[in-house]
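A short worksheet on the structure shown next.
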There are 4 protein chains.
Amino acid sequence: MIRVAIIGASGYTGAESIEIILRHSGAELTYLTALPEECGAVDEVFPQFKGCCALAIEPLDLEKLSGLADAALCCLPHKVSMGFVPKLLDAGLKVIDFSADYRLKDVSVYEQFYGVKHTDAANLARAVFGLPELFREQIKGADLVANPGCYPTGAVLAVAPLLREGLIGTDSIIVNAVTGTSGAGKNPSGKFHFPNMNENLFAYGIGTHRHMPEMEQIASEVAGSDVRILFQPHVGPFDRGILSTVYCQPKKEVSDEQSEGHLTALLKLYGDFYKNEPFVQMRTDAPAVKDVAGTNYCHIFVTHVKGRFVCFSAIDNLVKGASGQAVQNMNIVFGLQETMGLI
Amino acid sequence: MIRVAIIGASGYTGAESIEIILRHSGAELTYLTALPEECGAVDEVFPQFKGCCALAIEPLDLEKLSGLADAALCCLPHKVSMGFVPKLLDAGLKVIDFSADYRLKDVSVYEQFYGVKHTDAANLARAVFGLPELFREQIKGADLVANPGCYPTGAVLAVAPLLREGLIGTDSIIVNAVTGTSGAGKNPSGKFHFPNMNENLFAYGIGTHRHMPEMEQIASEVAGSDVRILFQPHVGPFDRGILSTVYCQPKKEVSDEQSEGHLTALLKLYGDFYKNEPFVQMRTDAPAVKDVAGTNYCHIFVTHVKGRFVCFSAIDNLVKGASGQAVQNMNIVFGLQETMGLI
Amino acid sequence: MIRVAIIGASGYTGAESIEIILRHSGAELTYLTALPEECGAVDEVFPQFKGCCALAIEPLDLEKLSGLADAALCCLPHKVSMGFVPKLLDAGLKVIDFSADYRLKDVSVYEQFYGVKHTDAANLARAVFGLPELFREQIKGADLVANPGCYPTGAVLAVAPLLREGLIGTDSIIVNAVTGTSGAGKNPSGKFHFPNMNENLFAYGIGTHRHMPEMEQIASEVAGSDVRILFQPHVGPFDRGILSTVYCQPKKEVSDEQSEGHLTALLKLYGDFYKNEPFVQMRTDAPAVKDVAGTNYCHIFVTHVKGRFVCFSAIDNLVKGASGQAVQNMNIVFGLQETMGLI
Amino acid sequence: MIRVAIIGASGYTGAESIEIILRHSGAELTYLTALPEECGAVDEVFPQFKGCCALAIEPLDLEKLSGLADAALCCLPHKVSMGFVPKLLDAGLKVIDFSADYRLKDVSVYEQFYGVKHTDAANLARAVFGLPELFREQIKGADLVANPGCYPTGAVLAVAPLLREGLIGTDSIIVNAVTGTSGAGKNPSGKFHFPNMNENLFAYGIGTHRHMPEMEQIASEVAGSDVRILFQPHVGPFDRGILSTVYCQPKKEVSDEQSEGHLTALLKLYGDFYKNEPFVQMRTDAPAVKDVAGTNYCHIFVTHVKGRFVCFSAIDNLVKGASGQAVQNMNIVFGLQETMGLI
């Protein structure tokens, strides 16, 4: 039984992680921490756990932690996380970190987009990027896994086969995505106040979203050459899910006569690429966010329209985009069956 | 042309009032005020007014106000309002006050429920309660109108005919109501954070809601004797509207044989009571909040079930429950056609 | 491993049952049936099961069924179910029936409210009512369990301790409830068309809802005397959950001075009544439907206001109000741990 | 006073048209028609009009119509409309047609996308395309105005200045749009059943949506050369609004150093282009659909990101995308002030 600590358990990804581990037959919750002002019995912080989780959320005590847990799901925010991860590693735990602090390999890009100095370059260098469908071998046995951002997970899975095969122009990718509101976290704000967010939809992070360089880094790694992505996120009036609609330009133009054969080849490419992936499912029609809400699945549909590839993917931002993928990574790190707790 | 100032224009009832006056053919907006930190061009504070309202929202300047306006829609919060209303009256304006500060005739009840000393008993004494369907004659020409609370408007209209005729037990009334979220105002909070409020419904103010004594006061006035009401509000995941379901006990028991004739008499009672009321519409089926959203109407349906009267009413909390009713009151005060700007 | 067949698997309660059994460590899905026009691979009918359920939904073949399953979750609609349940029993299966066909012990009440002749009085007589918190002993080993309606589950759990102790007037109970839309089932209709139902809330089934006699029957059984209930359902713009607000009159009047002690006694009564119930959780504040959405829990809060008891309960209509409770019943029938698959 | 008939008044665009004309000070409703099975008092078909509209919706009687109305807002569906429009014109009315039947100038494109023969080529030839911001001069005095589709309205307004100036590659435009559900009309269906559509978002009409050729036709007219557009619509869980996010490639590459000056020029271009347009408002931040819900405004924001122009527009699909624009066209046709009834 893997003993799991959740660091920063009082937010949405904390709650989602608690729920998943409660159902996991090879792991158990042993320690939950948060800032002192957010501590208390789990079922007071999250009434939905009344009757099924008797733990308290406590201020972090590193000594206690090291005796209690084998793995840490570190749900701290960006910039905060890199102050704690070295201590969690020193305490002997395997760490799955939810923040962006260990995702961007180029420190200068991190510092530009996050506006702070990176203080843990040593661990950044050895962290592996936790997108199992692309980097599974590196995750096995890793000490520190950088759990991917929600948008990069959905967007890159949607185009990875095209990138790997070199079929698309590397500066032609446009990722248009719509997320549910849970991605904004638990702190109230004007934008996400119900009377504003309800019946609403809008773009944000125009030209500046921090997941843009992250997408580019992974996509470039998959393609084996520099990839440039125009990423435009939007938020809509629902709790969970990200729908990514990705447009990209084939390197070779496809004539109308070739179109049908081309589409068959495209579907075969994706089918082969993901055939052993339990959490990626190819669709024959457009995926809906409700199809994957509450699950660790990524549903993908791909076609071409007017000379371009159009790729659709749907994930739950809190599961495959955060806590579910973290547990998937944890399972891989510890050699458990990858789907445990997740189906 | 009545010149209208809106005091406290930066919140939801302010915006709703602006929208109504912009469409009013006998009134015009001349002055909008708010706290300094909430001031700015109207279309910056409320993007929905871009292109149709060129005013700015400014800090209140009483001297300026007195030269600019005939009427004030005072949208300030409870407790704050009574500090300003005397000044608005002194400036020579007719005042429609949205707060609770001039609604409760019994100062001790006010002080108990609102937790502060009342500082303007003189004006409280002369304020009239602005529910036109019940107190129209008193509103005509009044200087100060206390605009009713949203819940009392819906609940009391639903049972007024029964109260007036003395048909129900005066301690038998239970008002179960569900409001949309705009009633909570513009300030973000955990309860109304979209990921919490969406897909949710809950009771609040159990046994303590401030609209309970207000309902009792009006109901007692209509009945001509003390009425006691159990009021239980809930909030649901929608923007606008209040559905009140009111249960009460007939004084005379109705046998099953009498039931049909009794129902006919009941419908006639309501039909007669509201026959000249432009904004109260009797339904022959259950009203839905969406039927009245964005309108100044109150839809009512009444029947009896298992020996009790069950009365349903639907209003828009921001219109008939606030800004629309305020304009209706303003129209009456100034002798305009009562429906101007409201249909 | 209990082998489970789901009869009528193509609707919402079917999908919910599939999801629960997929997670159940002591039961497995072996057979799914539906009307021929609703058959197909599970993941075509329900895209959310892509990758985790390889079964097909097939037309019912009784012979095949008898070799494949130990238990049937019978999700057929009212009136249809009683045509199939005898055959399922004959095939040697334990049956948990989701319809109303085996709930109402008085055939004449059934025939009045459902408008058809009851055709299976023999099995009706031996069916047990599957509300484990009240009738657990009878459920153990039963062949046929009538799974309760969603509204009766929430409403009766909210007042059962008061009824059992004889503390309330037996004709004083008013149940005001609001359900999410999944209760309406999968067939599209004008009322539940998104542009109508969204941003909406309305009452329905006024004086006629079929769950009223069901509530009265169970409540009477708990009270040991005839109980009469005024039940008024409403539907709101969310997927899952029922919030019941129940008003009832204490037999003994409580003076203001006694109020505090009285409340303490009330909480102790409920705490004792439900202390061993895994799925009933007493709250110290008002429960929200989102607290129980997706779970088999019933959250209850009770207080008194203005001389009346006011009891709140929240359940998920598809889980504790349908498929979850069915699996809870199945677990009891087969002697499994009651919470298996449900936490 | 222009006398207005609404043909096909029983649907959502009919209701929206009724609401607008009721507020119009230069026009009045005189005749409402629908299919016989959808007729009845207006306030029975649409409870929201109880008390403010006493008309009935009747089966169309052409003789009656010709004596009663000067203008027809023809809200009939595609394919049906061209069977009635010639008769409305013969009856001497000016016609604003909401369907696609008179929008596509190339009959073969119409027949390909709508799958029927066009039966009224004569009127098609003289119909003018009713997007006032681009074709106002042609609309003045026209007998037949083809009211634009909702998506083309939002998308083309977003890029018209770029097209007119020839600044973008004519095969580089990608329109990614999300609509509210009212666009789907009043007939219930599985996709728009509340429990499916709520908490959901999905793409549809992939590569095949009928508004694609309409967009291309208008865009080509504005550009003065053939324009090819990849249009991908989505639907989200809200009632009203379309957010269009349009990506296009500048003809001249912009270096990072030129970026700021370039953006200034871009904003000036749009500002000039729309400076006299009452219903197009330039924003300095991303527009939200809620900013324009219930209004006839189109809010636009434009910027460039990673070498591409990204243009955002928000409209209400039922107002600027249908009934509001129709009244705007009617106002122009009859020489009324263009904003009457619409602000």
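Identifiers in this document derive from the order of the structure tokens: chains are assigned A, B, ..., residues are numbered from 1 separately in each chain, and ligands are numbered from 1 in order of occurrence.
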Within 7 Å of chain A, which residues of chain D show up when using only C-alpha atoms, listed as a tab-separated table (two decimals) with C-alpha atoms, in the first residue's frame?
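iface_28.tsv written:
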```tsv
chain	number	residue	atom	x	y	z
D	199	GLU	CA	-22.20	21.30	-18.20
D	200	ASN	CA	-21.28	20.49	-21.78
D	201	LEU	CA	-19.56	22.00	-24.80
D	202	PHE	CA	-18.94	20.42	-28.17
D	203	ALA	CA	-18.14	21.09	-31.83
D	204	TYR	CA	-20.63	20.37	-34.58
D	207	GLY	CA	-16.54	21.03	-42.38
D	230	LEU	CA	-12.42	27.57	-42.31
D	237	PRO	CA	-24.28	25.69	-22.03
D	238	PHE	CA	-25.88	29.14	-22.14
D	239	ASP	CA	-28.93	30.65	-23.77
D	286	ALA	CA	-11.82	40.76	-24.76
D	287	PRO	CA	-15.61	41.01	-25.13
D	288	ALA	CA	-17.79	38.57	-23.20
D	289	VAL	CA	-21.05	37.20	-24.50
D	290	LYS	CA	-22.83	38.47	-21.40
D	305	VAL	CA	-0.33	37.31	-31.40
D	306	LYS	CA	2.65	35.40	-32.73
```
8 Å contact set for Ile18 in chain A, only C-alpha atoms, chain neighbours under 5 positions out, as a PyMOL selection string: chain A and resi 6+9+29
Considering only strand (DSSP E or B) as DSSP defines it on the backbone, what residues of range 94-185 of chain D qualify? List them as an mmCIF file with all heavy atoms, in the first residue's frame.
```cif
data_model
loop_
_atom_site.group_PDB
_atom_site.id
_atom_site.type_symbol
_atom_site.label_atom_id
_atom_site.label_comp_id
_atom_site.auth_asym_id
_atom_site.auth_seq_id
_atom_site.Cartn_x
_atom_site.Cartn_y
_atom_site.Cartn_z
ATOM 1 N N LYS D 94 -43.018 45.066 -47.580
ATOM 2 C CA LYS D 94 -41.575 44.981 -47.533
ATOM 3 C C LYS D 94 -41.262 43.752 -46.683
ATOM 4 O O LYS D 94 -41.897 43.549 -45.622
ATOM 5 C CB LYS D 94 -40.963 46.216 -46.864
ATOM 6 C CG LYS D 94 -41.326 47.531 -47.556
ATOM 7 C CD LYS D 94 -40.444 47.765 -48.764
ATOM 8 C CE LYS D 94 -40.599 49.184 -49.293
ATOM 9 N NZ LYS D 94 -39.725 49.446 -50.447
ATOM 10 N N VAL D 95 -40.306 42.963 -47.097
ATOM 11 C CA VAL D 95 -40.032 41.711 -46.400
ATOM 12 C C VAL D 95 -38.593 41.655 -45.885
ATOM 13 O O VAL D 95 -37.656 41.907 -46.639
ATOM 14 C CB VAL D 95 -40.286 40.496 -47.325
ATOM 15 C CG1 VAL D 95 -39.954 39.196 -46.590
ATOM 16 C CG2 VAL D 95 -41.729 40.483 -47.802
ATOM 17 N N ILE D 96 -38.477 41.370 -44.604
ATOM 18 C CA ILE D 96 -37.167 41.017 -44.038
ATOM 19 C C ILE D 96 -37.227 39.524 -43.773
ATOM 20 O O ILE D 96 -37.984 39.074 -42.911
ATOM 21 C CB ILE D 96 -36.884 41.757 -42.700
ATOM 22 C CG1 ILE D 96 -37.329 43.217 -42.733
ATOM 23 C CG2 ILE D 96 -35.430 41.593 -42.287
ATOM 24 C CD1 ILE D 96 -36.570 44.117 -43.664
ATOM 25 N N ASP D 97 -36.443 38.777 -44.498
ATOM 26 C CA ASP D 97 -36.518 37.314 -44.401
ATOM 27 C C ASP D 97 -35.376 36.767 -43.554
ATOM 28 O O ASP D 97 -34.210 37.033 -43.814
ATOM 29 C CB ASP D 97 -36.459 36.706 -45.809
ATOM 30 C CG ASP D 97 -36.593 35.203 -45.757
ATOM 31 O OD1 ASP D 97 -37.601 34.715 -45.195
ATOM 32 O OD2 ASP D 97 -35.676 34.510 -46.243
ATOM 33 N N VAL D 128 -31.431 42.022 -51.118
ATOM 34 C CA VAL D 128 -30.164 42.605 -50.659
ATOM 35 C C VAL D 128 -29.776 41.949 -49.346
ATOM 36 O O VAL D 128 -30.621 41.503 -48.574
ATOM 37 C CB VAL D 128 -30.255 44.141 -50.486
ATOM 38 C CG1 VAL D 128 -30.697 44.798 -51.785
ATOM 39 C CG2 VAL D 128 -31.193 44.501 -49.354
ATOM 40 N N PHE D 129 -28.487 41.862 -49.107
ATOM 41 C CA PHE D 129 -27.978 41.194 -47.911
ATOM 42 C C PHE D 129 -27.974 42.188 -46.759
ATOM 43 O O PHE D 129 -27.273 43.206 -46.801
ATOM 44 C CB PHE D 129 -26.581 40.648 -48.180
ATOM 45 C CG PHE D 129 -26.111 39.682 -47.133
ATOM 46 C CD1 PHE D 129 -26.465 38.336 -47.212
ATOM 47 C CD2 PHE D 129 -25.354 40.111 -46.052
ATOM 48 C CE1 PHE D 129 -26.047 37.439 -46.231
ATOM 49 C CE2 PHE D 129 -24.939 39.219 -45.081
ATOM 50 C CZ PHE D 129 -25.290 37.881 -45.171
ATOM 51 N N LEU D 144 -36.940 43.464 -50.487
ATOM 52 C CA LEU D 144 -36.658 42.172 -49.849
ATOM 53 C C LEU D 144 -35.241 42.188 -49.295
ATOM 54 O O LEU D 144 -34.274 42.358 -50.054
ATOM 55 C CB LEU D 144 -36.801 41.038 -50.882
ATOM 56 C CG LEU D 144 -36.350 39.643 -50.458
ATOM 57 C CD1 LEU D 144 -37.066 39.177 -49.187
ATOM 58 C CD2 LEU D 144 -36.580 38.639 -51.583
ATOM 59 N N VAL D 145 -35.144 42.015 -47.998
ATOM 60 C CA VAL D 145 -33.846 41.973 -47.343
ATOM 61 C C VAL D 145 -33.607 40.573 -46.795
ATOM 62 O O VAL D 145 -34.448 40.039 -46.065
ATOM 63 C CB VAL D 145 -33.772 42.993 -46.175
ATOM 64 C CG1 VAL D 145 -32.423 42.909 -45.481
ATOM 65 C CG2 VAL D 145 -34.031 44.406 -46.676
ATOM 66 N N ALA D 146 -32.489 39.981 -47.175
ATOM 67 C CA ALA D 146 -32.095 38.690 -46.603
ATOM 68 C C ALA D 146 -31.339 38.975 -45.311
ATOM 69 O O ALA D 146 -30.214 39.486 -45.350
ATOM 70 C CB ALA D 146 -31.219 37.929 -47.579
ATOM 71 N N ILE D 168 -4.956 40.877 -45.173
ATOM 72 C CA ILE D 168 -4.765 39.484 -44.762
ATOM 73 C C ILE D 168 -4.844 38.528 -45.944
ATOM 74 O O ILE D 168 -5.493 38.803 -46.960
ATOM 75 C CB ILE D 168 -5.813 39.065 -43.710
ATOM 76 C CG1 ILE D 168 -7.232 39.449 -44.180
ATOM 77 C CG2 ILE D 168 -5.497 39.713 -42.369
ATOM 78 C CD1 ILE D 168 -8.315 39.016 -43.221
ATOM 79 N N ILE D 173 -8.112 32.596 -43.213
ATOM 80 C CA ILE D 173 -9.040 32.911 -42.118
ATOM 81 C C ILE D 173 -9.622 31.654 -41.486
ATOM 82 O O ILE D 173 -10.186 30.796 -42.172
ATOM 83 C CB ILE D 173 -10.189 33.802 -42.627
ATOM 84 C CG1 ILE D 173 -9.615 35.075 -43.260
ATOM 85 C CG2 ILE D 173 -11.149 34.135 -41.502
ATOM 86 C CD1 ILE D 173 -10.668 35.949 -43.919
ATOM 87 N N ILE D 174 -9.478 31.575 -40.168
ATOM 88 C CA ILE D 174 -10.103 30.497 -39.396
ATOM 89 C C ILE D 174 -11.065 31.144 -38.412
ATOM 90 O O ILE D 174 -10.660 31.990 -37.614
ATOM 91 C CB ILE D 174 -9.045 29.680 -38.629
ATOM 92 C CG1 ILE D 174 -8.127 28.949 -39.619
ATOM 93 C CG2 ILE D 174 -9.710 28.707 -37.674
ATOM 94 C CD1 ILE D 174 -6.940 28.267 -38.942
ATOM 95 N N VAL D 175 -12.340 30.768 -38.493
ATOM 96 C CA VAL D 175 -13.348 31.303 -37.570
ATOM 97 C C VAL D 175 -13.723 30.199 -36.588
ATOM 98 O O VAL D 175 -14.315 29.185 -36.974
ATOM 99 C CB VAL D 175 -14.605 31.775 -38.320
ATOM 100 C CG1 VAL D 175 -15.683 32.195 -37.330
ATOM 101 C CG2 VAL D 175 -14.266 32.917 -39.281
ATOM 102 N N ASN D 176 -13.344 30.389 -35.338
ATOM 103 C CA ASN D 176 -13.727 29.457 -34.286
ATOM 104 C C ASN D 176 -14.800 30.144 -33.463
ATOM 105 O O ASN D 176 -14.563 31.199 -32.879
ATOM 106 C CB ASN D 176 -12.507 29.153 -33.416
ATOM 107 C CG ASN D 176 -12.768 28.052 -32.400
ATOM 108 O OD1 ASN D 176 -12.377 26.914 -32.596
ATOM 109 N ND2 ASN D 176 -13.459 28.378 -31.305
ATOM 110 N N ALA D 177 -16.014 29.574 -33.418
ATOM 111 C CA ALA D 177 -17.102 30.266 -32.746
ATOM 112 C C ALA D 177 -17.825 29.342 -31.781
ATOM 113 O O ALA D 177 -17.852 28.123 -31.964
ATOM 114 C CB ALA D 177 -18.083 30.811 -33.772
ATOM 115 N N VAL D 178 -18.358 29.949 -30.714
ATOM 116 C CA VAL D 178 -19.174 29.209 -29.738
ATOM 117 C C VAL D 178 -20.498 29.931 -29.606
ATOM 118 O O VAL D 178 -20.534 31.126 -29.317
ATOM 119 C CB VAL D 178 -18.497 29.145 -28.360
ATOM 120 C CG1 VAL D 178 -19.296 28.244 -27.420
ATOM 121 C CG2 VAL D 178 -17.067 28.665 -28.470
ATOM 122 N N THR D 179 -21.578 29.194 -29.795
ATOM 123 C CA THR D 179 -22.901 29.801 -29.696
ATOM 124 C C THR D 179 -23.630 29.303 -28.458
ATOM 125 O O THR D 179 -23.330 28.226 -27.940
ATOM 126 C CB THR D 179 -23.770 29.463 -30.939
ATOM 127 O OG1 THR D 179 -24.984 30.223 -30.873
ATOM 128 C CG2 THR D 179 -24.149 27.994 -30.974
#
```
Excluding same-chain residues fewer than 4 positions from Asn276 in chain C, what lies within 12 Å of it counting only C-alpha atoms, as an mmCIF file with all heavy atoms, in the first residue's frame?
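So around.cif came out as:
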```cif
data_model
loop_
_atom_site.group_PDB
_atom_site.id
_atom_site.type_symbol
_atom_site.label_atom_id
_atom_site.label_comp_id
_atom_site.auth_asym_id
_atom_site.auth_seq_id
_atom_site.Cartn_x
_atom_site.Cartn_y
_atom_site.Cartn_z
ATOM 1 N N GLY A 51 -18.215 11.327 6.268
ATOM 2 C CA GLY A 51 -18.515 9.905 6.353
ATOM 3 C C GLY A 51 -17.537 9.017 5.624
ATOM 4 O O GLY A 51 -17.522 7.807 5.839
ATOM 5 N N PRO C 132 -32.883 1.073 3.122
ATOM 6 C CA PRO C 132 -32.137 0.288 4.122
ATOM 7 C C PRO C 132 -32.122 0.923 5.508
ATOM 8 O O PRO C 132 -32.139 0.198 6.510
ATOM 9 C CB PRO C 132 -30.719 0.225 3.537
ATOM 10 C CG PRO C 132 -30.895 0.424 2.070
ATOM 11 C CD PRO C 132 -32.062 1.354 1.936
ATOM 12 N N GLU C 133 -32.069 2.236 5.575
ATOM 13 C CA GLU C 133 -31.989 2.882 6.883
ATOM 14 C C GLU C 133 -33.229 2.597 7.722
ATOM 15 O O GLU C 133 -33.189 2.709 8.955
ATOM 16 C CB GLU C 133 -31.792 4.389 6.706
ATOM 17 C CG GLU C 133 -30.399 4.781 6.179
ATOM 18 C CD GLU C 133 -30.207 4.533 4.688
ATOM 19 O OE1 GLU C 133 -31.219 4.224 4.007
ATOM 20 O OE2 GLU C 133 -29.063 4.612 4.209
ATOM 21 N N LEU C 134 -34.325 2.234 7.079
ATOM 22 C CA LEU C 134 -35.560 1.979 7.829
ATOM 23 C C LEU C 134 -35.984 0.514 7.804
ATOM 24 O O LEU C 134 -36.642 0.046 8.718
ATOM 25 C CB LEU C 134 -36.694 2.858 7.275
ATOM 26 C CG LEU C 134 -36.429 4.362 7.328
ATOM 27 C CD1 LEU C 134 -37.578 5.123 6.674
ATOM 28 C CD2 LEU C 134 -36.223 4.840 8.764
ATOM 29 N N TYR C 270 -31.668 12.779 16.356
ATOM 30 C CA TYR C 270 -31.213 12.437 15.007
ATOM 31 C C TYR C 270 -29.856 11.739 15.029
ATOM 32 O O TYR C 270 -29.625 10.778 14.314
ATOM 33 C CB TYR C 270 -31.131 13.705 14.143
ATOM 34 C CG TYR C 270 -32.432 14.054 13.454
ATOM 35 C CD1 TYR C 270 -33.497 14.606 14.173
ATOM 36 C CD2 TYR C 270 -32.621 13.828 12.093
ATOM 37 C CE1 TYR C 270 -34.694 14.923 13.553
ATOM 38 C CE2 TYR C 270 -33.817 14.148 11.459
ATOM 39 C CZ TYR C 270 -34.844 14.698 12.199
ATOM 40 O OH TYR C 270 -36.029 15.013 11.584
ATOM 41 N N GLY C 271 -28.954 12.260 15.852
ATOM 42 C CA GLY C 271 -27.625 11.654 15.935
ATOM 43 C C GLY C 271 -27.707 10.188 16.335
ATOM 44 O O GLY C 271 -27.041 9.330 15.750
ATOM 45 N N ASP C 272 -28.544 9.899 17.316
ATOM 46 C CA ASP C 272 -28.700 8.507 17.750
ATOM 47 C C ASP C 272 -29.360 7.655 16.671
ATOM 48 O O ASP C 272 -28.946 6.523 16.396
ATOM 49 C CB ASP C 272 -29.559 8.451 19.022
ATOM 50 C CG ASP C 272 -28.796 8.985 20.230
ATOM 51 O OD1 ASP C 272 -27.577 9.213 20.102
ATOM 52 O OD2 ASP C 272 -29.427 9.185 21.284
ATOM 53 N N VAL C 280 -26.024 8.160 5.909
ATOM 54 C CA VAL C 280 -26.746 9.338 6.398
ATOM 55 C C VAL C 280 -25.796 10.139 7.278
ATOM 56 O O VAL C 280 -25.235 9.615 8.238
ATOM 57 C CB VAL C 280 -28.012 8.954 7.182
ATOM 58 C CG1 VAL C 280 -28.714 10.206 7.699
ATOM 59 C CG2 VAL C 280 -28.954 8.144 6.304
ATOM 60 N N GLN C 281 -25.593 11.368 6.925
ATOM 61 C CA GLN C 281 -24.660 12.225 7.659
ATOM 62 C C GLN C 281 -25.408 13.426 8.214
ATOM 63 O O GLN C 281 -26.070 14.141 7.475
ATOM 64 C CB GLN C 281 -23.540 12.710 6.734
ATOM 65 C CG GLN C 281 -22.693 11.579 6.167
ATOM 66 C CD GLN C 281 -21.869 10.863 7.224
ATOM 67 O OE1 GLN C 281 -21.414 11.485 8.186
ATOM 68 N NE2 GLN C 281 -21.718 9.557 7.073
ATOM 69 N N MET C 282 -25.307 13.631 9.517
ATOM 70 C CA MET C 282 -25.933 14.796 10.137
ATOM 71 C C MET C 282 -25.027 16.007 9.960
ATOM 72 O O MET C 282 -23.831 15.940 10.203
ATOM 73 C CB MET C 282 -26.180 14.549 11.621
ATOM 74 C CG MET C 282 -27.258 13.509 11.898
ATOM 75 S SD MET C 282 -28.858 13.857 11.083
ATOM 76 C CE MET C 282 -29.240 15.484 11.763
ATOM 77 N N GLU C 338 -22.174 -3.335 3.014
ATOM 78 C CA GLU C 338 -23.216 -2.473 2.446
ATOM 79 C C GLU C 338 -22.669 -1.319 1.601
ATOM 80 O O GLU C 338 -23.335 -0.819 0.710
ATOM 81 C CB GLU C 338 -24.081 -1.926 3.594
ATOM 82 C CG GLU C 338 -25.352 -1.285 3.142
ATOM 83 C CD GLU C 338 -26.303 -1.017 4.310
ATOM 84 O OE1 GLU C 338 -26.322 -1.828 5.271
ATOM 85 O OE2 GLU C 338 -27.010 0.003 4.269
#
```
